[in-house]
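Beneath this line is the structure, given in structure tokens, with notes to follow.
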Amino acid sequence: MPAAALEVSDVSVRYGKFVAVESVTLSVAAGECVAVIGPNGHGKSSLVTAVAGLVRRGGTVRVFGTELPAGRPGTAVRAGLVLVPERRHLYPALTARDNIMLGSYAHTRRLGAWRAWEDVSDVLDMFPELAKLLDQKAGTLSGGQQQMVALARGMAARPKVLLLDEPCLGLAEAVARRVYDWLALMTATDMTILLVEENPVHAMNVASRAVRIYKGVVEVPAA
Amino acid sequence: MSEFLNLLAAGLTSGGIYGIFGACLAVWFRVCNILNLAVGDFAMFGAIGTAWLVQTAGLPFGVGILVAVVGVGLAAWLFDWAVLHVAFDRGAGAHGIVGVFFYTFGLSLVLEGAARAMFGTDVYGAPDIWKGPALSVAGFHVQRAGVLVIALAIVTGLAGWAYLRFTVSGRAASACGESVIGSRIVGIDSGKFRRRIFIVTAVIAALFGIVESPLSGYTYLSGPTLSLIGVVAAGFASFRRPGRAVAAGLAIGVAEAMLGGYVSTSYDDVLLYAILFCVIIFRPEVLGLGAEPA
């Protein structure tokens, strides 16, 4: 039996005495899109940030069979596990171009390779309107444009497994629809995706199944 | 004309001092949003340490410089490991204004105390690196150490500017200051950048202290004044642009020298602090006192 693209086993996250995520286990097959749904404040974002290595956690995370150490987001990125975080976390004083290109930091640090990669970027093909915004500082872009930059930065990191945390949070309906169109395109290209979404209707437009998290525990196990 | 040129030389020399500390402050603040209020103390330790090692312990000058600079680098590494790493990478300790000011302010006090215990209260000056009489061209006189000060400031500012503008590493360093989470999710180790640049700027400050101390002489109390003038120069560069910090430092130095030469030397410090007040009133955002820049 082939290894799952993403295996999360018995993952727990604590902030002091507060248990945000407790013994969560789930797996995502290669090419599958799984939604993590549930109310605000019940541990969805804590789960994906822990899976990405950003916060301390218990339990294990494997990407295509390779176990990732906790608290090492760089190792996760190099293994192909890439997070597009809630609220984007761009670099506002840097240009959109620099924001996107820094997505590839884990793979190349030579400026020549950076530029060569930039010239053939598939990321810009996905968001053609970004081309005219590349030299604009990210902090001056609209929320929708910033989300496109964040998604492009995520794709520049060459993900094998993409973690998307509330990609439409705070976006206008029309922009959110475009983001979901792009997500549908990604699922069609066999990208493995774990999607955190508060709205289950939105989530199930692209996901094949959902895992509901309530008070930090999986309420409905993966089918 | 000769008086003007000599004032200009003196102003550029003191401006080089402002500029180099401004550049060191700016490049590190850009990476981690912390003001290094101990940068002047690193210069003081470099200068006094070298002077003591050469004049009292009898080490050759080159060895004295090496030992002092390596010692300063190790002290910077130790502080990062023991304090900044715990506070920022492990999420312990207070952040906000405590993180911006007080960790390095505490380090400054520790270094002052250590210097007093090790070297006493005497005035020290390291031996001249470039020995010889003052250089004179058409009535324009400048100390050789002053030439080195100006040159080191310009080289540091240009190197900082080029690093941030033309390298992937420089952009990654900038990204750390913009968003720690945003940098970590693409594999940038923000702690490593903070540590490396802290050590490099500490070493630059120590080298600068060694070069400059024959001109002014250092005591264990010299550090905070140097750090403060660096804060002023860096403030005029939004605390993020080392090249502009050097230019601002040179301009402040020349303005001070002209004011001192043509009006009164009593106003030197007044000008420095008036400039600082102007930064606070008209550019408060660069001191973190007003609205954040977009």
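In the structure tokens, chains take letters A, B, ... by order of appearance, with residues numbered from 1 within each chain and ligands from 1 in the order shown.
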Report as an mmCIF file with C-alpha atoms, in the first residue's frame all protein, DNA and RNA residues lying within 8 Å of stretch 167-172 of chain A, evaluated on only C-alpha atoms, omitting residues in the same chain fewer than 6 positions from it.
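Final output, saved to part-v4.cif:
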data_model
loop_
_atom_site.group_PDB
_atom_site.id
_atom_site.type_symbol
_atom_site.label_atom_id
_atom_site.label_comp_id
_atom_site.auth_asym_id
_atom_site.auth_seq_id
_atom_site.Cartn_x
_atom_site.Cartn_y
_atom_site.Cartn_z
ATOM 1 C CA VAL A 84 -0.172 29.447 3.062
ATOM 2 C CA PRO A 85 -1.091 30.941 6.420
ATOM 3 C CA GLU A 86 -4.183 32.703 7.633
ATOM 4 C CA ARG A 87 -3.827 36.492 7.236
ATOM 5 C CA GLY A 143 -6.515 42.173 0.274
ATOM 6 C CA GLY A 144 -7.344 40.071 -2.779
ATOM 7 C CA GLN A 147 -3.883 36.752 -1.140
ATOM 8 C CA VAL A 179 -9.446 31.701 -5.171
ATOM 9 C CA GLU A 197 -12.083 26.542 6.122
#
For this session: Please identify all polymer residues within 12 Å of B:Ala205, counting only C-alpha atoms, omitting same-chain residues fewer than 4 positions from it, and present them as a PyMOL selection string.
Result: chain B and resi 17-25+36+38-47+68-69+72-73+76+149+152-153+156+197-201+209-213+223+226-227+230
Take the residues from that selection and write them out as a CSV table (one decimal), in the first residue's frame, keeping N, CA and C atoms.
chain,number,residue,atom,x,y,z
B,17,ILE,N,31.7,58.5,12.6
B,17,ILE,CA,31.4,57.8,13.9
B,17,ILE,C,29.8,57.6,14.0
B,18,TYR,N,29.1,58.7,13.8
B,18,TYR,CA,27.6,58.6,13.8
B,18,TYR,C,27.1,57.6,12.8
B,19,GLY,N,27.7,57.7,11.6
B,19,GLY,CA,27.2,56.9,10.5
B,19,GLY,C,27.4,55.4,10.7
B,20,ILE,N,28.6,55.0,11.2
B,20,ILE,CA,28.9,53.6,11.3
B,20,ILE,C,28.0,53.0,12.4
B,21,PHE,N,27.8,53.7,13.5
B,21,PHE,CA,26.9,53.1,14.5
B,21,PHE,C,25.4,53.1,14.0
B,22,GLY,N,25.1,54.2,13.2
B,22,GLY,CA,23.7,54.2,12.6
B,22,GLY,C,23.5,53.0,11.6
B,23,ALA,N,24.6,52.7,10.8
B,23,ALA,CA,24.5,51.6,9.9
B,23,ALA,C,24.3,50.3,10.6
B,24,CYS,N,25.1,50.1,11.7
B,24,CYS,CA,25.0,48.8,12.4
B,24,CYS,C,23.7,48.7,13.1
B,25,LEU,N,23.1,49.8,13.6
B,25,LEU,CA,21.8,49.7,14.2
B,25,LEU,C,20.7,49.4,13.2
B,36,ASN,N,19.8,48.0,18.9
B,36,ASN,CA,21.0,47.5,19.6
B,36,ASN,C,21.6,48.6,20.4
B,38,ALA,N,23.6,48.4,22.7
B,38,ALA,CA,24.9,48.0,23.2
B,38,ALA,C,26.0,48.1,22.2
B,39,VAL,N,25.6,48.6,21.0
B,39,VAL,CA,26.6,48.7,19.9
B,39,VAL,C,27.8,49.5,20.2
B,40,GLY,N,27.5,50.6,21.0
B,40,GLY,CA,28.6,51.5,21.4
B,40,GLY,C,29.5,50.8,22.4
B,41,ASP,N,28.9,50.0,23.2
B,41,ASP,CA,29.7,49.2,24.2
B,41,ASP,C,30.6,48.2,23.6
B,42,PHE,N,30.2,47.6,22.4
B,42,PHE,CA,31.0,46.7,21.7
B,42,PHE,C,32.3,47.5,21.2
B,43,ALA,N,32.0,48.7,20.7
B,43,ALA,CA,33.2,49.5,20.2
B,43,ALA,C,34.1,49.8,21.4
B,44,MET,N,33.5,50.2,22.5
B,44,MET,CA,34.3,50.5,23.7
B,44,MET,C,35.2,49.3,24.1
B,45,PHE,N,34.5,48.1,24.1
B,45,PHE,CA,35.3,46.9,24.5
B,45,PHE,C,36.4,46.6,23.5
B,46,GLY,N,36.1,46.8,22.2
B,46,GLY,CA,37.1,46.6,21.2
B,46,GLY,C,38.3,47.5,21.4
B,47,ALA,N,38.0,48.8,21.6
B,47,ALA,CA,39.1,49.8,21.8
B,47,ALA,C,39.9,49.6,23.1
B,68,ALA,N,40.7,40.9,20.9
B,68,ALA,CA,39.7,41.8,21.3
B,68,ALA,C,38.4,41.6,20.4
B,69,VAL,N,38.7,41.5,19.1
B,69,VAL,CA,37.5,41.4,18.1
B,69,VAL,C,36.9,40.0,18.3
B,72,VAL,N,34.8,40.1,21.5
B,72,VAL,CA,33.5,40.8,21.3
B,72,VAL,C,32.5,40.0,20.5
B,73,GLY,N,33.0,39.3,19.5
B,73,GLY,CA,32.1,38.4,18.7
B,73,GLY,C,31.6,37.3,19.6
B,76,ALA,N,28.9,38.7,21.9
B,76,ALA,CA,27.6,38.9,21.1
B,76,ALA,C,26.9,37.5,20.9
B,149,VAL,N,38.4,56.2,9.7
B,149,VAL,CA,37.0,56.3,10.3
B,149,VAL,C,36.0,56.5,9.2
B,152,LEU,N,35.9,53.5,6.8
B,152,LEU,CA,35.2,52.4,7.3
B,152,LEU,C,33.7,52.6,7.3
B,153,ALA,N,33.3,53.8,7.7
B,153,ALA,CA,31.9,54.1,7.7
B,153,ALA,C,31.3,54.0,6.3
B,156,THR,N,31.2,50.3,5.3
B,156,THR,CA,30.1,49.6,6.0
B,156,THR,C,28.8,49.9,5.5
B,197,ILE,N,23.8,38.6,12.1
B,197,ILE,CA,24.0,40.1,11.9
B,197,ILE,C,24.3,40.8,13.2
B,198,PHE,N,23.8,40.3,14.3
B,198,PHE,CA,24.2,40.9,15.6
B,198,PHE,C,25.7,40.7,15.8
B,199,ILE,N,26.2,39.5,15.5
B,199,ILE,CA,27.7,39.3,15.7
B,199,ILE,C,28.5,40.1,14.8
B,200,VAL,N,28.1,40.1,13.5
B,200,VAL,CA,28.8,40.9,12.5
B,200,VAL,C,28.9,42.4,12.9
B,201,THR,N,27.7,42.9,13.3
B,201,THR,CA,27.7,44.4,13.6
B,201,THR,C,28.5,44.6,14.9
B,209,GLY,N,35.9,50.9,16.9
B,209,GLY,CA,36.4,51.4,18.2
B,209,GLY,C,37.9,51.4,18.2
B,210,ILE,N,38.5,50.3,17.7
B,210,ILE,CA,40.0,50.2,17.6
B,210,ILE,C,40.6,51.3,16.7
B,211,VAL,N,39.9,51.5,15.6
B,211,VAL,CA,40.4,52.5,14.6
B,211,VAL,C,40.2,53.9,15.1
B,212,GLU,N,39.1,54.2,15.8
B,212,GLU,CA,38.8,55.5,16.2
B,212,GLU,C,39.4,56.0,17.5
B,213,SER,N,39.6,55.0,18.4
B,213,SER,CA,40.0,55.4,19.8
B,213,SER,C,41.3,56.2,19.9
B,223,GLY,N,30.3,53.8,25.8
B,223,GLY,CA,29.4,53.1,24.9
B,223,GLY,C,28.1,53.8,24.7
B,226,LEU,N,27.9,56.6,22.2
B,226,LEU,CA,28.1,56.2,20.8
B,226,LEU,C,26.8,55.5,20.3
B,227,SER,N,26.2,54.7,21.2
B,227,SER,CA,24.9,54.1,20.8
B,227,SER,C,23.9,55.1,20.5
B,230,GLY,N,24.3,56.8,17.2
B,230,GLY,CA,23.9,55.8,16.2
B,230,GLY,C,22.4,55.8,16.0
Exercise. Taking only C-alpha atoms into account, which residues of chain A are within 7 Å of chain B, as number ranges by chain?
Worked result: A: 73-74, 77, 83, 89-92, 102-103, 105-106, 109-111, 139, 157
Seminar exercise, completed: Separating atom CA of B:Val67 from atom CA of B:Leu148, to the nearest tenth of an Å, is a gap of 20.7 Å
Problem set entry | All alpha helix (DSSP H) residues (DSSP, backbone) inside stretch 12-211 of chain B, as a count of residues only | 136
Exercise. Near stretch 95-107 of chain B, counting only C-alpha atoms, which residues have an atom at most 8 Å away, once you skip same-chain residues fewer than 2 positions from it, shown as a list in words?
Worked result: Asn33, Ile34, Leu35, Asn36, Leu37, Ala38, Phe79, Val83, Leu84, Ala87, Phe88, Gly93, Leu109, Val110 and Leu111 of chain B
For the selection just defined, write its residues with N, CA and C atoms to a file, as a compact mmCIF listing (two decimals), in the first residue's frame.
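What ended up in result-v2.txt:
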# COMPACT_ATOMS: atom_id res chain seq x y z
N ASN B 33 13.87 44.00 14.30
CA ASN B 33 13.09 45.05 14.99
C ASN B 33 13.53 45.26 16.44
N ILE B 34 14.81 45.10 16.67
CA ILE B 34 15.37 45.40 18.00
C ILE B 34 16.45 46.47 17.83
N LEU B 35 16.43 47.48 18.72
CA LEU B 35 17.49 48.49 18.70
C LEU B 35 18.68 47.96 19.49
N ASN B 36 19.85 47.97 18.89
CA ASN B 36 21.03 47.49 19.60
C ASN B 36 21.65 48.64 20.38
N LEU B 37 21.18 48.82 21.61
CA LEU B 37 21.70 49.91 22.44
C LEU B 37 23.04 49.56 23.07
N ALA B 38 23.58 48.41 22.74
CA ALA B 38 24.90 48.02 23.24
C ALA B 38 25.97 48.14 22.16
N PHE B 79 25.39 36.40 24.24
CA PHE B 79 24.18 37.14 24.61
C PHE B 79 23.00 36.68 23.76
N VAL B 83 20.03 35.01 25.80
CA VAL B 83 18.90 35.92 26.01
C VAL B 83 17.98 35.99 24.79
N LEU B 84 18.51 36.43 23.67
CA LEU B 84 17.64 36.69 22.51
C LEU B 84 17.03 35.39 21.98
N ALA B 87 14.29 34.41 24.32
CA ALA B 87 13.16 35.34 24.29
C ALA B 87 12.38 35.29 22.97
N PHE B 88 13.09 35.17 21.87
CA PHE B 88 12.43 35.32 20.58
C PHE B 88 12.20 34.00 19.84
N GLY B 93 9.72 35.07 27.67
CA GLY B 93 10.06 36.46 27.95
C GLY B 93 9.11 37.45 27.32
N LEU B 109 24.53 47.81 30.05
CA LEU B 109 24.91 47.98 31.46
C LEU B 109 25.88 46.89 31.92
N VAL B 110 25.62 45.67 31.45
CA VAL B 110 26.51 44.55 31.81
C VAL B 110 27.92 44.78 31.26
N LEU B 111 27.99 45.22 29.99
CA LEU B 111 29.30 45.44 29.38
C LEU B 111 30.04 46.59 30.07
B:Leu12 surroundings by only C-alpha atoms, 7 Å radius, close-in-sequence under 5 positions cut, as a compact mmCIF listing (two decimals) with N, CA and C atoms, in the first residue's frame:
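Result written to result-v3.txt:
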# COMPACT_ATOMS: atom_id res chain seq x y z
N ILE B 150 36.32 57.55 8.34
CA ILE B 150 35.40 57.90 7.24
C ILE B 150 35.31 56.74 6.25
N LEU B 250 27.07 61.36 8.43
CA LEU B 250 28.07 62.30 7.90
C LEU B 250 27.49 63.72 7.88
N GLY B 253 27.36 65.12 11.38
CA GLY B 253 28.72 65.47 11.81
C GLY B 253 29.18 66.78 11.22
N VAL B 254 28.93 66.97 9.93
CA VAL B 254 29.36 68.21 9.27
C VAL B 254 28.57 69.39 9.84
Exercise. So how far away is atom CA of A:Gly112 from atom CA of A:Leu163, in Å?
Worked result: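 Atom-to-atom, atom CA of A:Leu163 and atom CA of A:Gly112 are spaced 28.9 Å apart.
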Exercise. Which residues come within 8 Å of A:Thr192, counting only C-alpha atoms, excluding same-chain residues fewer than 5 positions away, as a list in words?
Worked result: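 Everything that qualifies: Ala5, Val28, Ala29, Ala30, Gly31, Glu32, Cys33, Lys160, Val161, Leu162 and Thr187 of chain A.
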Based on the selection just made, write N, CA and C atoms of those residues as a CSV table (one decimal), in the first residue's frame.
chain,number,residue,atom,x,y,z
A,5,ALA,N,0.2,10.9,1.3
A,5,ALA,CA,1.0,12.1,1.1
A,5,ALA,C,1.3,12.8,2.4
A,28,VAL,N,-4.0,12.3,4.4
A,28,VAL,CA,-4.4,12.8,3.1
A,28,VAL,C,-3.7,12.0,2.1
A,29,ALA,N,-4.4,11.4,1.2
A,29,ALA,CA,-3.8,10.6,0.1
A,29,ALA,C,-3.2,11.5,-1.0
A,30,ALA,N,-2.3,11.0,-1.7
A,30,ALA,CA,-1.7,11.9,-2.8
A,30,ALA,C,-2.8,12.3,-3.8
A,31,GLY,N,-2.8,13.6,-4.1
A,31,GLY,CA,-3.8,14.1,-5.0
A,31,GLY,C,-5.1,14.4,-4.4
A,32,GLU,N,-5.3,14.2,-3.1
A,32,GLU,CA,-6.6,14.4,-2.5
A,32,GLU,C,-6.6,15.8,-1.9
A,33,CYS,N,-7.8,16.3,-1.8
A,33,CYS,CA,-8.0,17.6,-1.1
A,33,CYS,C,-9.0,17.3,0.1
A,160,LYS,N,4.6,19.8,-2.4
A,160,LYS,CA,4.0,18.5,-2.7
A,160,LYS,C,2.7,18.3,-2.0
A,161,VAL,N,2.7,18.9,-0.8
A,161,VAL,CA,1.5,19.0,0.0
A,161,VAL,C,1.3,20.4,0.4
A,162,LEU,N,0.1,21.0,0.1
A,162,LEU,CA,-0.2,22.4,0.3
A,162,LEU,C,-1.2,22.5,1.5
A,187,THR,N,-6.6,21.1,-7.5
A,187,THR,CA,-7.0,19.7,-7.2
A,187,THR,C,-7.0,18.9,-8.5
Exercise. Which distance in Å separates atom CA of A:Leu183 and atom CA of A:Ala203, to one decimal?
Worked result: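 Straight-line distance from atom CA of A:Leu183 to atom CA of A:Ala203 works out to 10.1 Å.
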Problem set entry | Selection near A:Thr75, 9 Å with only C-alpha atoms, sequence-local residues under 5 positions removed, as a list in words |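 Once the nearby chain positions are removed, what remains is Gly53, Leu68, Pro69, Gly80, Leu81 and Ala106 of chain A; Gly187 of chain B.
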Could you write out the selected residues, including C-alpha atoms, as a PDB file, in the first residue's frame?
ATOM      1  CA  GLY A  53       6.386  23.000  12.128  1.00  0.00           C
ATOM      2  CA  LEU A  68       9.260  15.769  10.014  1.00  0.00           C
ATOM      3  CA  PRO A  69      10.781  17.104  13.242  1.00  0.00           C
ATOM      4  CA  GLY A  80       7.457  19.671   0.160  1.00  0.00           C
ATOM      5  CA  LEU A  81       5.036  20.622   2.949  1.00  0.00           C
ATOM      6  CA  ALA A 106      14.376  26.758   0.723  1.00  0.00           C
TER       7      ALA A 106
ATOM      8  CA  GLY B 187      12.301  28.124   5.333  1.00  0.00           C
TER       9      GLY B 187
END
For this session: Pull the strand (DSSP E) assignments for stretch 101-284 of chain B out of DSSP run on the backbone, and list those residues as a list in words.
Result: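 For stretch 101-284 of chain B, the strand (DSSP E) set is Leu135, Ser136, Val137, Phe140, His141 and Val142 of chain B.
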Dump N, CA and C atoms for the selected residues as a short mmCIF file (atom, residue, chain, number, x, y, z; two decimals), in the first residue's frame?
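The resulting file, out-v8.cif, is reproduced below:
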data_model
loop_
_atom_site.label_atom_id
_atom_site.label_comp_id
_atom_site.auth_asym_id
_atom_site.auth_seq_id
_atom_site.Cartn_x
_atom_site.Cartn_y
_atom_site.Cartn_z
N LEU B 135 47.48 64.21 7.57
CA LEU B 135 47.60 64.45 6.12
C LEU B 135 47.21 65.89 5.83
N SER B 136 47.99 66.55 4.98
CA SER B 136 47.71 67.96 4.65
C SER B 136 47.68 68.13 3.13
N VAL B 137 46.56 68.68 2.64
CA VAL B 137 46.45 68.99 1.21
C VAL B 137 45.81 70.37 1.09
N PHE B 140 44.24 71.70 4.08
CA PHE B 140 43.19 70.80 4.57
C PHE B 140 43.88 69.72 5.37
N HIS B 141 43.64 69.69 6.68
CA HIS B 141 44.35 68.74 7.55
C HIS B 141 43.39 67.70 8.07
N VAL B 142 43.81 66.46 8.01
CA VAL B 142 42.97 65.39 8.56
C VAL B 142 43.87 64.30 9.14
#
